[in-house]
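Student: Structure file my_file_17.cif (mmCIF, C-alpha atoms) is given on the next line.
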```cif
data_entry
#
loop_
_atom_site.label_atom_id
_atom_site.label_comp_id
_atom_site.auth_asym_id
_atom_site.auth_seq_id
_atom_site.Cartn_x
_atom_site.Cartn_y
_atom_site.Cartn_z
CA MET A 1 0.00 0.00 0.00
CA ALA A 2 1.09 3.58 -0.68
CA GLU A 3 2.50 5.58 2.18
CA THR A 4 0.35 8.36 3.62
CA THR A 5 1.70 11.71 4.80
CA TYR A 6 0.86 13.23 8.17
CA LEU A 7 -1.32 15.81 6.41
CA GLU A 8 -3.14 13.21 4.32
CA ALA A 9 -3.76 11.13 7.44
CA ILE A 10 -5.57 14.07 9.04
CA ARG A 11 -7.64 14.54 5.88
CA GLU A 12 -8.46 10.82 5.80
CA ALA A 13 -9.70 10.99 9.38
CA LEU A 14 -11.99 13.91 8.52
CA PHE A 15 -13.40 12.15 5.44
CA GLU A 16 -13.99 8.90 7.32
CA GLU A 17 -15.66 10.50 10.33
CA MET A 18 -17.90 12.69 8.16
CA GLU A 19 -18.90 9.62 6.14
CA ARG A 20 -19.54 7.64 9.33
CA ASP A 21 -21.51 10.25 11.26
CA PRO A 22 -23.76 12.89 9.60
CA ASN A 23 -23.50 15.01 12.77
CA VAL A 24 -19.80 15.69 12.09
CA PHE A 25 -19.14 18.95 10.25
CA CYS A 26 -16.21 21.32 9.76
CA LEU A 27 -15.98 25.07 10.12
CA GLY A 28 -13.14 27.54 9.74
CA GLU A 29 -11.55 30.18 7.58
CA ASP A 30 -11.09 29.24 3.89
CA ILE A 31 -11.63 25.53 4.54
CA GLY A 32 -14.26 25.10 1.79
CA ALA A 33 -13.51 25.78 -1.85
CA TYR A 34 -9.93 26.80 -1.05
CA GLY A 35 -9.28 23.65 0.98
CA GLY A 36 -7.57 25.36 3.90
CA ALA A 37 -4.29 27.25 4.13
CA PHE A 38 -2.33 23.97 4.02
CA LYS A 39 -4.94 22.03 1.98
CA VAL A 40 -5.86 19.76 4.87
CA THR A 41 -9.58 20.08 4.05
CA ASP A 42 -9.09 19.90 0.28
CA GLY A 43 -11.97 17.97 -1.31
CA LEU A 44 -14.26 18.02 1.73
CA ALA A 45 -16.59 20.70 0.37
CA ALA A 46 -16.94 18.93 -2.97
CA ARG A 47 -17.91 15.72 -1.19
CA PHE A 48 -20.08 17.00 1.66
CA GLY A 49 -21.30 20.43 0.52
CA ASP A 50 -21.22 23.84 2.12
CA ALA A 51 -23.74 22.87 4.80
CA ARG A 52 -21.13 20.57 6.40
CA VAL A 53 -17.94 22.40 5.36
CA ILE A 54 -18.54 25.97 6.42
CA ASP A 55 -16.35 28.94 5.54
CA THR A 56 -16.50 31.35 8.45
CA PRO A 57 -15.65 35.01 9.04
CA ILE A 58 -12.21 35.78 10.44
CA SER A 59 -13.21 35.40 14.07
CA GLU A 60 -11.86 32.53 16.13
CA ALA A 61 -14.14 33.46 19.03
CA ALA A 62 -17.14 33.16 16.71
CA ILE A 63 -15.92 29.84 15.31
CA VAL A 64 -15.54 28.32 18.78
CA GLY A 65 -18.79 29.82 20.03
CA ALA A 66 -20.80 28.56 17.06
CA ALA A 67 -19.24 25.13 17.44
CA ALA A 68 -20.13 25.02 21.13
CA GLY A 69 -23.76 25.82 20.38
CA ALA A 70 -23.90 23.15 17.69
CA ALA A 71 -22.26 20.63 20.04
CA HIS A 72 -24.92 21.32 22.68
CA MET A 73 -27.54 20.39 20.08
CA GLY A 74 -26.00 17.02 19.27
CA MET A 75 -23.63 17.93 16.44
CA ARG A 76 -19.90 17.14 16.42
CA PRO A 77 -18.11 20.18 14.99
CA VAL A 78 -14.45 20.25 13.98
CA CYS A 79 -13.05 23.79 14.07
CA GLU A 80 -9.94 24.73 12.12
CA MET A 81 -7.71 27.52 13.36
CA GLN A 82 -5.90 28.68 10.20
CA PHE A 83 -2.78 28.89 12.38
CA ILE A 84 -2.94 27.64 15.94
CA ASP A 85 -1.38 30.90 17.13
CA PHE A 86 -4.80 32.53 16.65
CA ILE A 87 -6.49 30.16 19.07
CA SER A 88 -5.72 32.88 21.61
CA CYS A 89 -8.65 34.80 20.13
CA GLY A 90 -10.90 31.93 21.23
CA TYR A 91 -9.23 31.46 24.61
CA ASP A 92 -12.03 33.10 26.60
CA MET A 93 -14.72 30.99 24.90
CA LEU A 94 -12.71 27.78 25.33
CA THR A 95 -11.66 28.21 28.95
CA ASN A 96 -14.56 30.15 30.45
CA TYR A 97 -17.41 28.55 28.53
CA VAL A 98 -16.61 25.31 26.72
CA ALA A 99 -14.44 23.79 29.46
CA THR A 100 -17.01 24.51 32.18
CA ALA A 101 -20.28 23.85 30.29
CA ARG A 102 -20.70 20.27 31.50
CA TYR A 103 -20.01 21.20 35.14
CA ARG A 104 -22.18 24.32 35.12
CA ALA A 105 -25.16 23.25 33.05
CA MET A 106 -24.81 19.52 32.19
CA LEU A 107 -24.12 20.57 28.59
CA GLY A 108 -21.63 18.40 26.72
CA CYS A 109 -19.28 19.93 24.16
CA PRO A 110 -18.26 17.11 21.81
CA MET A 111 -16.10 19.29 19.56
CA VAL A 112 -12.56 19.44 18.20
CA VAL A 113 -10.40 22.53 17.73
CA ARG A 114 -7.50 21.70 15.41
CA GLY A 115 -4.82 23.68 13.63
CA PRO A 116 -1.22 23.87 12.35
CA SER A 117 1.29 24.41 15.14
CA GLY A 118 5.00 24.72 15.72
CA GLY A 119 8.18 26.07 14.19
CA TYR A 120 11.21 24.84 12.26
CA VAL A 121 9.52 26.34 9.16
CA ARG A 122 10.77 29.96 9.30
CA GLY A 123 7.26 31.21 10.08
CA GLY A 124 8.22 33.87 12.59
CA PRO A 125 6.51 34.75 15.87
CA PHE A 126 2.89 34.84 14.63
CA HIS A 127 2.83 31.48 12.83
CA SER A 128 5.07 29.19 14.89
CA GLN A 129 3.68 28.96 18.40
CA ASN A 130 3.00 25.93 20.56
CA PRO A 131 0.25 27.17 22.91
CA GLU A 132 -0.54 23.84 24.55
CA ALA A 133 0.71 24.92 28.00
CA ALA A 134 -1.78 27.81 28.02
CA PHE A 135 -4.61 25.27 28.17
CA LEU A 136 -2.95 22.52 30.21
CA HIS A 137 -4.27 23.78 33.54
CA THR A 138 -7.90 24.09 32.37
CA PRO A 139 -10.14 21.26 33.64
CA GLY A 140 -12.71 20.20 31.07
CA LEU A 141 -10.42 20.24 28.03
CA LYS A 142 -8.36 17.46 26.46
CA ILE A 143 -5.13 18.07 24.50
CA VAL A 144 -3.51 15.79 21.92
CA TYR A 145 -0.41 16.38 19.79
CA PRO A 146 0.54 13.51 17.43
CA ALA A 147 4.02 12.94 16.00
CA THR A 148 3.30 10.24 13.40
CA ALA A 149 0.88 9.88 10.50
CA SER A 150 -0.74 6.87 12.13
CA ASP A 151 -1.31 8.74 15.38
CA ALA A 152 -2.47 11.84 13.50
CA LYS A 153 -5.29 9.84 11.98
CA GLY A 154 -6.13 7.68 14.97
CA LEU A 155 -6.12 10.51 17.49
CA LEU A 156 -8.26 12.78 15.33
CA LYS A 157 -10.87 10.06 14.89
CA SER A 158 -10.89 9.47 18.65
CA ALA A 159 -11.09 13.22 19.29
CA ILE A 160 -14.11 13.61 17.01
CA ARG A 161 -15.89 10.76 18.81
CA ASP A 162 -15.00 12.05 22.28
CA ASP A 163 -17.80 13.62 24.32
CA ASP A 164 -15.66 16.54 25.50
CA CYS A 165 -13.76 19.31 23.75
CA VAL A 166 -10.42 18.14 22.39
CA LEU A 167 -7.68 20.55 21.31
CA TYR A 168 -5.87 18.82 18.47
CA PHE A 169 -2.47 20.30 17.71
CA GLU A 170 -0.92 19.22 14.40
CA HIS A 171 2.68 20.13 13.60
CA LYS A 172 3.02 21.77 10.21
CA TYR A 173 6.72 20.85 9.92
CA LEU A 174 5.57 17.23 9.84
CA TYR A 175 2.72 17.72 7.34
CA ARG A 176 4.55 16.49 4.25
CA ARG A 177 7.83 15.24 5.75
CA ILE A 178 6.46 12.31 7.76
CA LYS A 179 4.73 9.41 6.03
CA GLU A 180 3.93 5.77 6.67
CA THR A 181 1.64 2.94 5.65
CA LEU A 182 -1.46 3.35 7.79
CA PRO A 183 -3.31 0.50 9.48
CA THR A 184 -6.40 -0.67 7.64
CA GLY A 185 -9.93 -0.53 9.00
CA ASP A 186 -11.34 1.83 11.61
CA HIS A 187 -8.02 2.97 13.08
CA LEU A 188 -8.39 4.62 16.49
CA VAL A 189 -5.67 5.71 18.93
CA PRO A 190 -6.87 6.10 22.53
CA ILE A 191 -6.66 9.54 24.09
CA GLY A 192 -4.54 9.57 27.26
CA LYS A 193 -2.06 6.85 26.30
CA ALA A 194 1.63 7.47 25.52
CA ARG A 195 3.69 5.15 23.34
CA VAL A 196 7.26 3.89 23.53
CA ALA A 197 8.79 5.22 20.32
CA ARG A 198 12.14 3.53 21.07
CA GLU A 199 13.11 1.05 23.75
CA GLY A 200 16.16 1.82 25.91
CA LYS A 201 17.68 1.20 29.33
CA ASP A 202 20.14 4.01 30.16
CA VAL A 203 18.28 7.34 29.81
CA SER A 204 14.65 8.25 29.07
CA ILE A 205 13.62 11.08 26.76
CA ILE A 206 10.02 12.17 27.32
CA THR A 207 8.70 14.28 24.46
CA TYR A 208 5.93 14.87 21.93
CA ALA A 209 5.21 16.33 18.47
CA ALA A 210 8.13 17.28 16.17
CA THR A 211 10.78 16.83 18.86
CA VAL A 212 9.97 13.10 18.93
CA TRP A 213 11.87 12.85 15.64
CA LYS A 214 14.81 14.87 16.94
CA ALA A 215 14.89 12.67 20.03
CA LEU A 216 14.95 9.53 17.88
CA GLU A 217 17.77 10.98 15.78
CA ALA A 218 19.69 11.82 18.95
CA ALA A 219 19.11 8.31 20.32
CA ASP A 220 20.52 6.76 17.12
CA GLN A 221 23.65 8.91 17.31
CA LEU A 222 24.15 8.24 21.03
CA GLN A 223 23.90 4.49 20.43
CA LYS A 224 26.55 4.65 17.71
CA GLN A 225 28.91 7.16 19.32
CA ASP A 226 28.57 6.45 23.06
CA GLY A 227 26.97 3.03 23.26
CA LEU A 228 24.08 4.56 25.22
CA SER A 229 20.66 2.92 25.09
CA VAL A 230 18.10 5.73 25.07
CA GLU A 231 14.37 5.20 25.52
CA VAL A 232 12.04 7.68 23.78
CA ILE A 233 8.51 8.19 25.08
CA ASP A 234 6.03 9.95 22.79
CA LEU A 235 3.34 11.35 25.07
CA ARG A 236 0.80 11.85 22.24
CA THR A 237 -1.75 13.16 24.76
CA LEU A 238 -0.88 16.03 27.10
CA LEU A 239 -4.22 16.24 28.91
CA PRO A 240 -4.95 13.81 30.46
CA MET A 241 -1.28 12.91 30.80
CA ASP A 242 -0.16 9.28 30.95
CA ASP A 243 1.45 9.21 34.41
CA GLU A 244 1.79 5.42 34.26
CA ALA A 245 3.99 5.56 31.17
CA ILE A 246 6.12 8.37 32.62
CA VAL A 247 6.69 6.53 35.89
CA ALA A 248 7.41 3.26 34.09
CA THR A 249 10.20 4.73 31.95
CA VAL A 250 11.78 6.53 34.93
CA LYS A 251 11.79 3.30 36.94
CA LYS A 252 13.41 1.55 33.98
CA THR A 253 16.28 3.99 33.25
CA ASN A 254 16.49 6.15 36.42
CA ARG A 255 17.30 9.21 34.32
CA ALA A 256 14.84 11.52 32.54
CA LEU A 257 15.27 14.24 29.94
CA ILE A 258 12.14 16.14 28.94
CA VAL A 259 12.16 17.74 25.50
CA HIS A 260 9.63 20.06 23.92
CA GLU A 261 9.54 22.84 21.38
CA ASP A 262 7.51 25.24 23.51
CA THR A 263 9.27 27.85 25.64
CA ARG A 264 10.85 26.84 28.93
CA THR A 265 9.13 28.94 31.60
CA GLY A 266 5.70 27.55 32.40
CA GLY A 267 6.04 24.85 29.74
CA VAL A 268 4.73 21.29 29.88
CA ALA A 269 8.19 20.05 30.95
CA GLY A 270 7.78 21.71 34.34
CA GLU A 271 4.55 19.81 34.97
CA ILE A 272 6.13 16.50 33.93
CA THR A 273 9.11 17.18 36.20
CA SER A 274 6.78 17.77 39.15
CA ARG A 275 4.93 14.52 38.49
CA ILE A 276 8.19 12.57 38.34
CA ASN A 277 9.26 14.23 41.61
CA GLU A 278 6.00 13.25 43.29
CA LEU A 279 5.57 9.76 41.83
CA ALA A 280 9.05 8.40 41.16
CA PHE A 281 11.63 10.48 43.06
CA GLU A 282 13.22 7.48 44.78
CA TRP A 283 13.96 5.90 41.39
CA LEU A 284 16.02 8.84 40.11
CA ASP A 285 19.81 8.64 39.88
CA ALA A 286 20.15 12.16 38.43
CA PRO A 287 18.17 15.40 38.30
CA VAL A 288 15.38 15.67 35.74
CA LEU A 289 16.62 17.91 32.91
CA ARG A 290 14.74 19.95 30.30
CA ILE A 291 15.59 20.80 26.70
CA THR A 292 13.18 23.45 25.40
CA ALA A 293 12.97 26.58 23.31
CA ALA A 294 14.38 29.76 24.76
CA ASP A 295 12.01 32.23 26.40
CA VAL A 296 11.82 34.57 23.40
CA PRO A 297 9.40 35.12 20.51
CA LEU A 298 10.47 32.88 17.64
CA PRO A 299 12.67 34.75 15.13
CA TYR A 300 12.17 34.75 11.35
CA SER A 301 15.91 34.47 10.73
CA PRO A 302 16.84 30.83 10.00
CA PRO A 303 20.05 30.85 12.08
CA LEU A 304 18.26 32.52 14.98
CA GLU A 305 15.30 30.14 14.80
CA ASP A 306 17.70 27.19 14.84
CA TYR A 307 19.43 28.69 17.88
CA VAL A 308 16.19 29.23 19.79
CA LEU A 309 14.51 25.87 19.08
CA PRO A 310 15.71 22.51 20.44
CA GLN A 311 18.04 20.72 18.05
CA THR A 312 19.40 17.17 17.96
CA ALA A 313 22.78 18.35 19.28
CA ASP A 314 21.07 19.92 22.32
CA ILE A 315 19.34 16.65 23.11
CA ILE A 316 22.57 14.68 22.74
CA ALA A 317 24.32 17.04 25.16
CA GLY A 318 21.48 16.66 27.68
CA VAL A 319 21.54 12.86 27.53
CA ARG A 320 25.33 12.79 27.95
CA ARG A 321 25.10 15.05 30.99
CA LEU A 322 22.57 12.70 32.58
CA ALA A 323 24.55 9.58 31.71
CA GLN A 324 27.68 11.02 33.28
CA TYR A 325 25.97 12.30 36.45
#
```
Hey, can you dump this file as structure tokens for me?

Tutor:
Amino acid sequence: MAETTYLEAIREALFEEMERDPNVFCLGEDIGAYGGAFKVTDGLAARFGDARVIDTPISEAAIVGAAAGAAHMGMRPVCEMQFIDFISCGYDMLTNYVATARYRAMLGCPMVVRGPSGGYVRGGPFHSQNPEAAFLHTPGLKIVYPATASDAKGLLKSAIRDDDCVLYFEHKYLYRRIKETLPTGDHLVPIGKARVAREGKDVSIITYAATVWKALEAADQLQKQDGLSVEVIDLRTLLPMDDEAIVATVKKTNRALIVHEDTRTGGVAGEITSRINELAFEWLDAPVLRITAADVPLPYSPPLEDYVLPQTADIIAGVRRLAQY
């Protein structure tokens, strides 16, 4: 079978879920005839019509609000943020209304908010953000961030079927670079379960999204150059987080390096570090370390962007520091 790109896997999930359930519909800016800024929704309007693939005004707050109302009435909307950076315009609606609707009024919000995230593409500060940490502390939301084409499809299908609001971050650097042969049939990946991307016994790297691939590259080089066996954990879901998988890898290797592309201060790595401290402190043989982006807006300049974002060499240095501790 032909290999499927990360982007095509997302599109396949949308097609399959809209075919399966007439209550699923999409809304967002330029997602209809244009097919979306990155062509993720290309072909959906031709197949399902403009009643189920809705081009909206440029208002993320309106997109999220309309989706919430439709979700209350039994629909399953999938919102596209043209760039995930602009989800901040819907932050109030998501955190103050959608996340609390079930608790306040017994109103479910089975909806997905998805969009292209991340850097490494020279997009500058307005088109390269990873805002997952801004929502991590909000009860009532779920957050997923796949790194592979298979997970991109399986997690989106699970998100659409979930009875709560799921924020689905998709990394645009991976859109056309990552491909694989997808499983056949109704492929679902459970929300809340991490995966072991690479088995190892000396040091654990806990990561997600595009930095999974940099961690795997670092692990290959460390095996060849230092003889180190590095385990790589792909979290896949950030909320709810898979504490069992995190604890299991720390107990196995006794050393943990957390890697993510988001900025350092207040990032997801701090939360993971706290959980390791609370749940597996006695198993540690070294401090938990973090490799993250610097606390600056992401530059347009290619050399500066490369300096700010985590690179394979940074991960290698972090693993070596832990191994030598």

Student: Rounded to one decimal, what separation in Å do you get between CA of His72 in chain A and CA of Ala99 in chain A?

Tutor: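 Calculated distance between CA of His72 in chain A and CA of Ala99 in chain A is 12.7 Å.
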
Student: Identify, on the basis of only C-alpha atoms, every residue whose closest approach to range 288-296 of chain A does not exceed 8 Å; exclude the query and any residue fewer than 4 positions from it along the same chain; express the result as a list in words.

Tutor: Arg255, Ala256, Leu257, Ile258, Val259, His260, Glu261, Asp262, Thr263, Arg264, Thr265, Ala269, Thr273, Val308, Leu309, Pro310, Asp314, Ile315, Gly318 and Leu322 of chain A

Student: If you take all atoms listed in the file and a cut-off of 10 Å, which residues of range 76-156 of chain A touch range 231-235 of chain A, and what are their nearest atom pairs and distances in Å to one decimal, in chain and number order, as a tab-separated table?

Tutor:
```
residue	atom	partner	partner_atom	distance
A:Val144	CA	A:Leu235	CA	8.7
A:Tyr145	CA	A:Leu235	CA	8.2
A:Pro146	CA	A:Leu235	CA	8.4
A:Ala147	CA	A:Asp234	CA	7.7
A:Thr148	CA	A:Asp234	CA	9.8
```

Student: Output the residue selection produced by the PyMOL selection byres ((chain A and resi 75) around 12) on the file above, formatted as a ChimeraX atom specification.

Tutor: /A:18,21-26,52,66-74,76-78,108-112,160-163

Student: When the PyMOL selection byres ((chain A and resi 115-127) around 8) is applied to the file above, which residues end up in the set, as a PDB file with C-alpha atoms, in the coordinates of the input?

Tutor:
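Heads up, here's the output in part-v7.pdb:
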```pdb
ATOM      1  CA  GLU A  80      -9.940  24.730  12.120  1.00  0.00           C
ATOM      2  CA  MET A  81      -7.710  27.520  13.360  1.00  0.00           C
ATOM      3  CA  GLN A  82      -5.900  28.680  10.200  1.00  0.00           C
ATOM      4  CA  PHE A  83      -2.780  28.890  12.380  1.00  0.00           C
ATOM      5  CA  ILE A  84      -2.940  27.640  15.940  1.00  0.00           C
ATOM      6  CA  ASP A  85      -1.380  30.900  17.130  1.00  0.00           C
ATOM      7  CA  VAL A 113     -10.400  22.530  17.730  1.00  0.00           C
ATOM      8  CA  ARG A 114      -7.500  21.700  15.410  1.00  0.00           C
ATOM      9  CA  SER A 128       5.070  29.190  14.890  1.00  0.00           C
ATOM     10  CA  GLN A 129       3.680  28.960  18.400  1.00  0.00           C
ATOM     11  CA  ASN A 130       3.000  25.930  20.560  1.00  0.00           C
ATOM     12  CA  TYR A 168      -5.870  18.820  18.470  1.00  0.00           C
ATOM     13  CA  PHE A 169      -2.470  20.300  17.710  1.00  0.00           C
ATOM     14  CA  GLU A 170      -0.920  19.220  14.400  1.00  0.00           C
ATOM     15  CA  HIS A 171       2.680  20.130  13.600  1.00  0.00           C
ATOM     16  CA  LYS A 172       3.020  21.770  10.210  1.00  0.00           C
ATOM     17  CA  TYR A 173       6.720  20.850   9.920  1.00  0.00           C
ATOM     18  CA  GLU A 261       9.540  22.840  21.380  1.00  0.00           C
ATOM     19  CA  PRO A 297       9.400  35.120  20.510  1.00  0.00           C
ATOM     20  CA  LEU A 298      10.470  32.880  17.640  1.00  0.00           C
ATOM     21  CA  PRO A 299      12.670  34.750  15.130  1.00  0.00           C
ATOM     22  CA  TYR A 300      12.170  34.750  11.350  1.00  0.00           C
ATOM     23  CA  SER A 301      15.910  34.470  10.730  1.00  0.00           C
ATOM     24  CA  PRO A 302      16.840  30.830  10.000  1.00  0.00           C
ATOM     25  CA  GLU A 305      15.300  30.140  14.800  1.00  0.00           C
ATOM     26  CA  ASP A 306      17.700  27.190  14.840  1.00  0.00           C
ATOM     27  CA  LEU A 309      14.510  25.870  19.080  1.00  0.00           C
TER      28      LEU A 309
END
```

Student: Decode the PyMOL selection byres ((chain A and resi 30) around 12) for the given file into explicit residues and return them as a JSON list (two decimals) with C-alpha atoms, in the coordinates of the input.

Tutor:
```
[["chain", "number", "residue", "atom", "x", "y", "z"],
["A", 26, "CYS", "CA", -16.21, 21.32, 9.76],
["A", 27, "LEU", "CA", -15.98, 25.07, 10.12],
["A", 28, "GLY", "CA", -13.14, 27.54, 9.74],
["A", 29, "GLU", "CA", -11.55, 30.18, 7.58],
["A", 31, "ILE", "CA", -11.63, 25.53, 4.54],
["A", 32, "GLY", "CA", -14.26, 25.10, 1.79],
["A", 33, "ALA", "CA", -13.51, 25.78, -1.85],
["A", 34, "TYR", "CA", -9.93, 26.80, -1.05],
["A", 35, "GLY", "CA", -9.28, 23.65, 0.98],
["A", 36, "GLY", "CA", -7.57, 25.36, 3.90],
["A", 37, "ALA", "CA", -4.29, 27.25, 4.13],
["A", 38, "PHE", "CA", -2.33, 23.97, 4.02],
["A", 39, "LYS", "CA", -4.94, 22.03, 1.98],
["A", 40, "VAL", "CA", -5.86, 19.76, 4.87],
["A", 41, "THR", "CA", -9.58, 20.08, 4.05],
["A", 42, "ASP", "CA", -9.09, 19.90, 0.28],
["A", 44, "LEU", "CA", -14.26, 18.02, 1.73],
["A", 45, "ALA", "CA", -16.59, 20.70, 0.37],
["A", 50, "ASP", "CA", -21.22, 23.84, 2.12],
["A", 53, "VAL", "CA", -17.94, 22.40, 5.36],
["A", 54, "ILE", "CA", -18.54, 25.97, 6.42],
["A", 55, "ASP", "CA", -16.35, 28.94, 5.54],
["A", 56, "THR", "CA", -16.50, 31.35, 8.45],
["A", 57, "PRO", "CA", -15.65, 35.01, 9.04],
["A", 58, "ILE", "CA", -12.21, 35.78, 10.44],
["A", 79, "CYS", "CA", -13.05, 23.79, 14.07],
["A", 80, "GLU", "CA", -9.94, 24.73, 12.12],
["A", 81, "MET", "CA", -7.71, 27.52, 13.36],
["A", 82, "GLN", "CA", -5.90, 28.68, 10.20],
["A", 83, "PHE", "CA", -2.78, 28.89, 12.38]]
```

Student: Hey, can you check how far CA of Phe135 in chain A sits from CA of Glu16 in chain A?

Tutor: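 Separation of CA of Phe135 in chain A and CA of Glu16 in chain A: 28.1 Å.
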
Student: Quote the spacing between CA of Lys179 in chain A and CA of Tyr6 in chain A in Å to one decimal place.

Tutor: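 Calculated distance between CA of Lys179 in chain A and CA of Tyr6 in chain A is 5.8 Å.
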
Student: Leaving out Leu239 in chain A and any residue of its chain fewer than 5 positions from it, which residues lie within 8 Å of it when counting only C-alpha atoms, given as number ranges by chain?

Tutor: A: 136, 141-144, 192

Student: Store the residues of this selection in a file with C-alpha atoms, as a PDB file, in the frame of the given file.

Tutor:
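selection.pdb was written with the following content:
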```
ATOM      1  CA  LEU A 136      -2.950  22.520  30.210  1.00  0.00           C
ATOM      2  CA  LEU A 141     -10.420  20.240  28.030  1.00  0.00           C
ATOM      3  CA  LYS A 142      -8.360  17.460  26.460  1.00  0.00           C
ATOM      4  CA  ILE A 143      -5.130  18.070  24.500  1.00  0.00           C
ATOM      5  CA  VAL A 144      -3.510  15.790  21.920  1.00  0.00           C
ATOM      6  CA  GLY A 192      -4.540   9.570  27.260  1.00  0.00           C
TER       7      GLY A 192
END
```

Student: Residues near Asp220 in chain A, anyone? I mean within 9 Å using all atoms listed in the file, not counting same-chain ones fewer than 4 positions away, as a ChimeraX atom specification.

Tutor: /A:215-216,224-225,229-230

Student: Could you write out that same residue set with C-alpha atoms as a PDB file, in the frame of the given file?

Tutor:
```pdb
ATOM      1  CA  ALA A 215      14.890  12.670  20.030  1.00  0.00           C
ATOM      2  CA  LEU A 216      14.950   9.530  17.880  1.00  0.00           C
ATOM      3  CA  LYS A 224      26.550   4.650  17.710  1.00  0.00           C
ATOM      4  CA  GLN A 225      28.910   7.160  19.320  1.00  0.00           C
ATOM      5  CA  SER A 229      20.660   2.920  25.090  1.00  0.00           C
ATOM      6  CA  VAL A 230      18.100   5.730  25.070  1.00  0.00           C
TER       7      VAL A 230
END
```

Student: Which is closest to Ala323 in chain A among A:Gly270, A:Gly227, A:Pro303, A:Pro183, if we use only C-alpha atoms?

Tutor: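 Going through A:Gly270, A:Gly227, A:Pro303, A:Pro183 one by one, the smallest distance to Ala323 in chain A is for A:Gly227.
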
Student: My list of candidates is A:Asn277, A:Ser88, A:Ser59, A:Thr5. Which is closest to Arg176 in chain A when distances are computed with all atoms listed in the file?

Tutor: A:Thr5
